[in-house]
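Shown next, in structure tokens, is the structure this report addresses.
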Amino acid sequence: MRRWFVATGIAALLAHPSAGAAQMPADPTQEYAAVQRSFLQEDFNAVAMLGKTFLLRHPAAPEALRIALWRALSLDRLSQAGVAIQELEVLEARLAPQQPLWAEVVYWRADICRRAGRMEAAKVALTRLQELAPASAWVPHGQIGLGLLYLQLQAYEIARRYFREVAQEWPEAEVALEARVYEGLCQLKLKRYGEAVQLLEPLLDRLGPGPTKAQAVFYLGEGLTGLGRFAEAARAYQQAMELGRASAWSRHAQFALGWAQYGAGRCDESVRTLERYLQDADAQHRAEAFFARASCLMRLGREEQAIAQFEELIARSAAHPLAYEAVLALAEAHTRRKQPGRAQALLEQFLRQPLEEPVRHRVVLFLGAVALEHGDADAATAAFASLRGAADLAVRQAALNGLGDASLHLGRPEEAKRSFEASLQLSATTPAGGMAAYHLGRLALQQGEVEKAISLFGGLSGRSDVALADDASLALAVALMQQGRPEQARGRLEQLRRQRPGTVAAARAAYYLALLRAGQDGHEAETLAQETVAQAPHSEEAAGALVLLADLRIGQASLSEGRAWLARTYRAGQFTRRQRAALAKRLGEYARADRAYAEAIEWFAQAQQLLPSLAGEAAYRMASCYEEAGDVEVALQAYQVIAQAPWAVRGRLAAAKLLERQGRAGEAEAIYAALAQAGVPESKVVQERLAILKARSAHTVQAR
């Protein structure tokens with residue numbers, strides 16, 4: 001948006017080199033041409049010097065007024081706004097409102113005042129311009145100036161009305177296009193992204209190449225980013241970079257392009273874009289670029305580099321709003337690396353600083369998550385419960401989701417379900433609402449409600465939140481596999497890998513593809529599983545991939561070899577608590593299958609300790625080991641003390657069947673009777689066994 005050359009009053013550019021002060025001609029006309037030439041070439045130092053000389057030599061010349069204006073504008077560009085305003089005030093006093101130059105001088109004085117923060121002076125000047133020179137060509141520029149003034153004051157709706165008025169009153173003028181572009185900016189500031197996109201898209205064909213079009217395309221990219229349409233936003237930013245080469249818009253667009261690529265999950269491209277952006281010493285969004293680049297490196301599995309980037313961001317910009325996001329990211333990384341103490345210390349140190357309530361809430365939420373990852377469900381529950389009454393909706397939802405996670409960790413699915421449903425009821429459209437729906441889908445899948453799970457995951461897979469959409473897409477593929485639709489699952493997984501190559505999500509998808517290929521092509525399944533382990537090492541899928549690799553070794557060699565390989569991997573690897581629990585459980589199953597019952601019991605006990613949600617199943621497996629080892633009394637006792645659903649009922653059923661096999665029908669009948677009275681889900685099986693035992697008992701009595 002440049003009205004700069006309007007101030008010259010001519011359209012022709014002279015091609016002669018700028019004259020120096022020592023070569024100043026005596027003829028005012030030639031002197032005027034020399035100053036004009038310097039102004040057009042943006043040699044503002046020369047304009048200030050030559051203009052001063054001209055005004056001293058020819059104060060009464062007709063050209064003196066224009067020279068004075070150019071000199072004032074040049075001083076402004078030389079960061080001397082106060083002097084520029086004073087000289088414009090002197091010039092304005094020499095002019096009458098009827099003179100053409102008066103309106104131009106008033107406009108530029110107001111513009112410099114606005115940019116210097118002298119808002120009231122700017123507003124008074126622009127109001128005088130409208131009142132005293134209503135027919136001037138500078139009036140619409142003055143209207144835009146008022147709009148920019150209110151934009152600067154963050155009164156976006158008032159600013160938008162000024163811009164719209166210009167576009168409506170001068171629809172065919174070039175200034176109308178400029179006003180429309182600024183109106184689009186107001187819509188962005190008001191977070192009306194759809195309206196901004198609708199306003200800006202039709203303007204592009206009417207704008208010629210140059211900074212104004214670059215600005216409009218950049219704003220279009222911002223609107224598309226706000227709508228979560230990152231791929232389209234990236235194309236807009238690339239166009240803005242091409243249109244605004246060597247301008248500020250190109251640099252803004254380069255940063256925004258890297259951020260959009262980050263939002264779209266195109267992390268490799270984002271890292272390269274942001275690295276080029278950060279090579280510019282004048283880059284304005286360095287903290288944001290560091291954060292996005294580090295986040296992308298984390299998603300790409302390049303954790304050491306990511307941690308270094310986050311630490312550099314905190315060191316460089318400790319007061320920046322993204323610094324605490326970096327603290328959270330670092331705490332999460334320490335937690336994944338089995339260093340929960342470092343994570344907790346980092347967060348607690350951060351909490352000792354004076355923090356605004358929203359930041360404090362987020363840190364408390366994260367402390368709860370760290371405690372849960374460390375296995376301290378009580379501390380996690382206390383942290384999440386402390387925020388259930390928070391005024392902020394997002395915090396309340398996150399607290400409810402945290403309570404649901406804690407319940408899942410403790411193996412209480414119904415309690416978890418209630419927490420997630422309460423979160424979803426607050427809002428289904430927020431990120432936390434989406435996460436609640438995702439967990440409800442996983443619970444539905446675990447409980448055999450596959451259609452419900454597919455419906456929930458299908459709705460979430462199109463969300464603009466890339467991480468949530470990835471999780472939902474993978475869960476949807478699992479649901480389709482569980483429903484016996486492997487080809488549809490394969491199609492979903494391959495589509496995700498095509499759309500998100502090189503990402504953690506693509507590596508996670510490789511595990512499920514490996515499961516689909518395991519029975520057909522062991523070599524391909526092995527390659528896919530190894531990709532998951534290498535590129536998504538901290539995911540649940542990585543633990544599953546290691547188990548699959550062990551299964552493949554067992555198929556190729558022997559149970560003992562596969563079991564030994566997985567045990568070595570377990571002891572040597574850096575795994576999360578959840579991954580260790582899954583691997584310990586499978587190692588227990590291998591040992592049991594190999595009749596190494598004592599070792600199996602140790603593995604199941606370890607899984608139980610690592611993840612309380614596995615407590616019931618692990619206890620059941622340990623009881624089975626005692627039974628198979630011939631230690632019947634210990635097995636009977638172990639089966640009957642299991643407390644966690646659904647394994648409590650399964651344990652009692654197993655105990656009753658074992659008693660039947662031992663010829664202790666009366667004790668078995670007592671267990672079945674107690675289960676029947678409790679109304680357990682397995683009541684049909686219980687009633688059948690109870691009826692059989694009673695019939696046998698009656699037959700025995702009759703026989704006697």
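Every chain in the structure tokens has a letter given in the order shown (A, B, ...), and although residue numbers restart at 1 in each chain, ligands are simply numbered from 1 in the order shown.
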Residue neighbourhood range 477-494 of chain A, 8 Å, only C-alpha atoms, exclusion window fewer than 3 positions, as a list in words: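 Counting only C-alpha atoms, the residues come to Leu445, Val450, Ala453, Ile454, Ser473, Leu474, Arg497, Arg498, Ala509, Ala510, Tyr512, Leu513 and Leu516 of chain A.
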Enumerate as a VMD selection string all residues of range 30-208 of chain A assigned to helix (DSSP H, G or I) by DSSP on the backbone, naming them with the chain letters and numbers the document uses. chain A and resid 30 to 40 44 to 57 64 to 77 81 to 93 100 to 115 119 to 132 139 to 152 156 to 169 174 to 189 193 to 206
Report as a Markdown table the residues of range 379-431 of chain A within 10 Å of range 607-628 of chain A, each with its shortest atom pair and distance in Å (one decimal), using only C-alpha atoms, ordered by chain and increasing residue number.
| residue | atom | partner | partner_atom | distance |
| --- | --- | --- | --- | --- |
| A:Ala406 | CA | A:Ser613 | CA | 9.7 |
| A:Ser407 | CA | A:Ser613 | CA | 8.5 |
| A:Leu408 | CA | A:Ser613 | CA | 6.4 |
| A:His409 | CA | A:Ser613 | CA | 5.0 |
| A:Leu410 | CA | A:Ser613 | CA | 4.7 |
| A:Gly411 | CA | A:Ser613 | CA | 3.6 |
| A:Arg412 | CA | A:Ser613 | CA | 7.4 |
| A:Pro413 | CA | A:Ser613 | CA | 9.0 |
Include N, CA and C atoms and write out the residues we just selected as an mmCIF file, in the first residue's frame.
data_model
loop_
_atom_site.group_PDB
_atom_site.id
_atom_site.type_symbol
_atom_site.label_atom_id
_atom_site.label_comp_id
_atom_site.auth_asym_id
_atom_site.auth_seq_id
_atom_site.Cartn_x
_atom_site.Cartn_y
_atom_site.Cartn_z
ATOM 1 N N ALA A 406 -6.856 -40.732 34.222
ATOM 2 C CA ALA A 406 -6.457 -41.336 35.497
ATOM 3 C C ALA A 406 -7.301 -42.575 35.790
ATOM 4 N N SER A 407 -8.595 -42.496 35.490
ATOM 5 C CA SER A 407 -9.473 -43.652 35.702
ATOM 6 C C SER A 407 -9.076 -44.813 34.789
ATOM 7 N N LEU A 408 -8.728 -44.502 33.548
ATOM 8 C CA LEU A 408 -8.261 -45.553 32.633
ATOM 9 C C LEU A 408 -6.987 -46.185 33.162
ATOM 10 N N HIS A 409 -6.087 -45.348 33.656
ATOM 11 C CA HIS A 409 -4.824 -45.849 34.200
ATOM 12 C C HIS A 409 -5.077 -46.821 35.342
ATOM 13 N N LEU A 410 -6.115 -46.547 36.137
ATOM 14 C CA LEU A 410 -6.437 -47.392 37.286
ATOM 15 C C LEU A 410 -7.338 -48.571 36.917
ATOM 16 N N GLY A 411 -7.684 -48.669 35.625
ATOM 17 C CA GLY A 411 -8.526 -49.777 35.187
ATOM 18 C C GLY A 411 -9.978 -49.610 35.575
ATOM 19 N N ARG A 412 -10.478 -48.387 35.521
ATOM 20 C CA ARG A 412 -11.885 -48.108 35.865
ATOM 21 C C ARG A 412 -12.582 -47.505 34.645
ATOM 22 N N PRO A 413 -12.902 -48.318 33.648
ATOM 23 C CA PRO A 413 -13.431 -47.787 32.385
ATOM 24 C C PRO A 413 -14.762 -47.058 32.514
#
Counting only C-alpha atoms, which residue out of A:Arg57, A:Lys123, A:Arg118, A:Arg592 sits closest to Ile85 in chain A?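 Of all the options, A:Arg118 lies closest to Ile85 in chain A.
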Skipping near chain neighbours, those fewer than 3 positions away, what residues fall within 7 Å of Ser461 in chain A using only C-alpha atoms, listed as number ranges by chain? A: 457-458, 469-470, 472-473
Just-selected residues, N, CA and C atoms written as a tab-separated table (two decimals), in the first residue's frame:
chain	number	residue	atom	x	y	z
A	457	PHE	N	-14.80	-42.11	15.38
A	457	PHE	CA	-13.49	-41.91	14.75
A	457	PHE	C	-13.63	-41.26	13.37
A	458	GLY	N	-14.67	-41.65	12.64
A	458	GLY	CA	-14.89	-41.07	11.32
A	458	GLY	C	-15.12	-39.58	11.39
A	469	ALA	N	-6.65	-35.76	14.36
A	469	ALA	CA	-7.12	-36.40	13.13
A	469	ALA	C	-6.29	-37.65	12.82
A	470	ASP	N	-4.98	-37.58	13.06
A	470	ASP	CA	-4.13	-38.75	12.85
A	470	ASP	C	-4.52	-39.89	13.79
A	472	ALA	N	-7.36	-40.40	15.23
A	472	ALA	CA	-8.68	-40.92	14.86
A	472	ALA	C	-8.60	-41.78	13.60
A	473	SER	N	-7.79	-41.36	12.63
A	473	SER	CA	-7.66	-42.15	11.39
A	473	SER	C	-7.07	-43.52	11.68
Correct to one decimal, the distance CA of Ala137 in chain A-CA of Trp102 in chain A is 11.5 Å
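Nearest residue to Thr503 in chain A, choosing from A:Ala196, A:Ala135, A:Ala399, A:Ala264 and counting only C-alpha atoms: A:Ala264.
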Nearest to Tyr438 in chain A by atom-to-atom distance, counting only C-alpha atoms, from A:Leu274, A:Val175, A:Leu424, A:Val363: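 Going through A:Leu274, A:Val175, A:Leu424, A:Val363 one by one, the smallest distance to Tyr438 in chain A is for A:Leu424.
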Within 6 Å of range 40-51 of chain A, counting only C-alpha atoms, which residues qualify if same-chain residues fewer than 6 places away don't, as a list in words?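 Those residues are Ile67, Arg71 and Ser74 of chain A.
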Save out the residues we just selected, all heavy atoms, as a PDB file, in the first residue's frame.
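Printed below is out29.pdb as written:
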ATOM      1  N   ILE A  67       8.939  21.029  -2.074  1.00  0.00           N
ATOM      2  CA  ILE A  67      10.232  20.622  -1.528  1.00  0.00           C
ATOM      3  C   ILE A  67      10.121  20.430  -0.012  1.00  0.00           C
ATOM      4  O   ILE A  67      10.654  19.469   0.549  1.00  0.00           O
ATOM      5  CB  ILE A  67      11.319  21.666  -1.865  1.00  0.00           C
ATOM      6  CG1 ILE A  67      11.600  21.702  -3.375  1.00  0.00           C
ATOM      7  CG2 ILE A  67      12.599  21.381  -1.079  1.00  0.00           C
ATOM      8  CD1 ILE A  67      12.329  20.491  -3.913  1.00  0.00           C
ATOM      9  N   ARG A  71      10.885  16.987   1.989  1.00  0.00           N
ATOM     10  CA  ARG A  71      11.896  16.957   3.060  1.00  0.00           C
ATOM     11  C   ARG A  71      11.289  16.379   4.344  1.00  0.00           C
ATOM     12  O   ARG A  71      11.907  15.541   5.020  1.00  0.00           O
ATOM     13  CB  ARG A  71      12.436  18.357   3.299  1.00  0.00           C
ATOM     14  CG  ARG A  71      13.367  18.460   4.505  1.00  0.00           C
ATOM     15  CD  ARG A  71      13.949  19.850   4.671  1.00  0.00           C
ATOM     16  NE  ARG A  71      14.335  20.075   6.047  1.00  0.00           N
ATOM     17  CZ  ARG A  71      15.420  19.558   6.628  1.00  0.00           C
ATOM     18  NH1 ARG A  71      16.240  18.791   5.936  1.00  0.00           N
ATOM     19  NH2 ARG A  71      15.700  19.811   7.894  1.00  0.00           N
ATOM     20  N   SER A  74      10.849  12.668   4.045  1.00  0.00           N
ATOM     21  CA  SER A  74      12.154  12.000   4.103  1.00  0.00           C
ATOM     22  C   SER A  74      12.660  11.920   5.537  1.00  0.00           C
ATOM     23  O   SER A  74      13.237  10.899   5.950  1.00  0.00           O
ATOM     24  CB  SER A  74      13.162  12.737   3.223  1.00  0.00           C
ATOM     25  OG  SER A  74      12.754  12.697   1.868  1.00  0.00           O
TER      26      SER A  74
END
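The two atoms in question, CA of Ala240 in chain A and CA of Ala253 in chain A, are spaced 6.2 Å apart.
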Record the distance separating CA of Gln309 in chain A and CA of Leu355 in chain A, expressed in Å with one decimal.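 Calculated distance between CA of Gln309 in chain A and CA of Leu355 in chain A is 23.0 Å.
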Using only C-alpha atoms, find each residue of range 546-626 of chain A with at least one atom at most 8 Å away from an atom of range 327-344 of chain A; report its shortest atom-to-atom pair and that distance in Å (one decimal), sort the rows by chain and rising residue number, and return the result as a tab-separated table.
residue	atom	partner	partner_atom	distance
A:Gln574	CA	A:Arg337	CA	6.5
A:Phe575	CA	A:Arg337	CA	7.2
A:Thr576	CA	A:Arg336	CA	5.6
A:Arg577	CA	A:Lys338	CA	7.8
Would you mind listing what lies within 7 Å of range 556-564 of chain A as number ranges by chain, with only C-alpha atoms counted and same-chain residues fewer than 5 positions away left out? A: 550-551, 587, 590
Compile the contact shell of Leu426 in chain A as a list of chain:residue names: residues with an atom at most 9 Å away, counting only C-alpha atoms, same-chain residues fewer than 2 positions apart removed. A:Leu393, A:Arg396, A:Gln397, A:Glu421, A:Ala422, A:Ser423, A:Leu424, A:Ala428, A:Gly433
Atoms kept (N, CA and C atoms) for selection, written as a PDB file, in the first residue's frame:
ATOM      1  N   LEU A 393     -13.532 -22.701  29.903  1.00  0.00           N
ATOM      2  CA  LEU A 393     -14.118 -23.948  29.397  1.00  0.00           C
ATOM      3  C   LEU A 393     -13.046 -24.956  29.016  1.00  0.00           C
ATOM      4  N   ARG A 396     -11.586 -26.592  32.078  1.00  0.00           N
ATOM      5  CA  ARG A 396     -12.520 -27.559  32.677  1.00  0.00           C
ATOM      6  C   ARG A 396     -12.555 -28.854  31.873  1.00  0.00           C
ATOM      7  N   GLN A 397     -12.616 -28.714  30.551  1.00  0.00           N
ATOM      8  CA  GLN A 397     -12.646 -29.919  29.717  1.00  0.00           C
ATOM      9  C   GLN A 397     -11.355 -30.719  29.845  1.00  0.00           C
ATOM     10  N   GLU A 421     -17.592 -38.269  28.946  1.00  0.00           N
ATOM     11  CA  GLU A 421     -18.927 -37.824  28.528  1.00  0.00           C
ATOM     12  C   GLU A 421     -19.234 -36.435  29.079  1.00  0.00           C
ATOM     13  N   ALA A 422     -18.815 -36.175  30.330  1.00  0.00           N
ATOM     14  CA  ALA A 422     -19.019 -34.841  30.917  1.00  0.00           C
ATOM     15  C   ALA A 422     -18.230 -33.794  30.147  1.00  0.00           C
ATOM     16  N   SER A 423     -17.017 -34.136  29.732  1.00  0.00           N
ATOM     17  CA  SER A 423     -16.200 -33.214  28.937  1.00  0.00           C
ATOM     18  C   SER A 423     -16.856 -32.940  27.591  1.00  0.00           C
ATOM     19  N   LEU A 424     -17.292 -33.989  26.934  1.00  0.00           N
ATOM     20  CA  LEU A 424     -17.909 -33.846  25.611  1.00  0.00           C
ATOM     21  C   LEU A 424     -19.193 -33.037  25.690  1.00  0.00           C
ATOM     22  N   ALA A 428     -18.473 -30.145  22.046  1.00  0.00           N
ATOM     23  CA  ALA A 428     -17.945 -31.192  21.157  1.00  0.00           C
ATOM     24  C   ALA A 428     -16.983 -30.630  20.125  1.00  0.00           C
ATOM     25  N   GLY A 433     -12.840 -31.331  23.552  1.00  0.00           N
ATOM     26  CA  GLY A 433     -14.044 -32.104  23.245  1.00  0.00           C
ATOM     27  C   GLY A 433     -13.751 -33.202  22.242  1.00  0.00           C
TER      28      GLY A 433
END
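For range 661-674 of chain A, the set of protein, DNA and RNA residues having any atom at most 6 Å away, when counting only C-alpha atoms and skipping those fewer than 3 positions along the same chain, is A:Ala656, A:Leu658, A:Gln677, A:Val686, A:Leu690.
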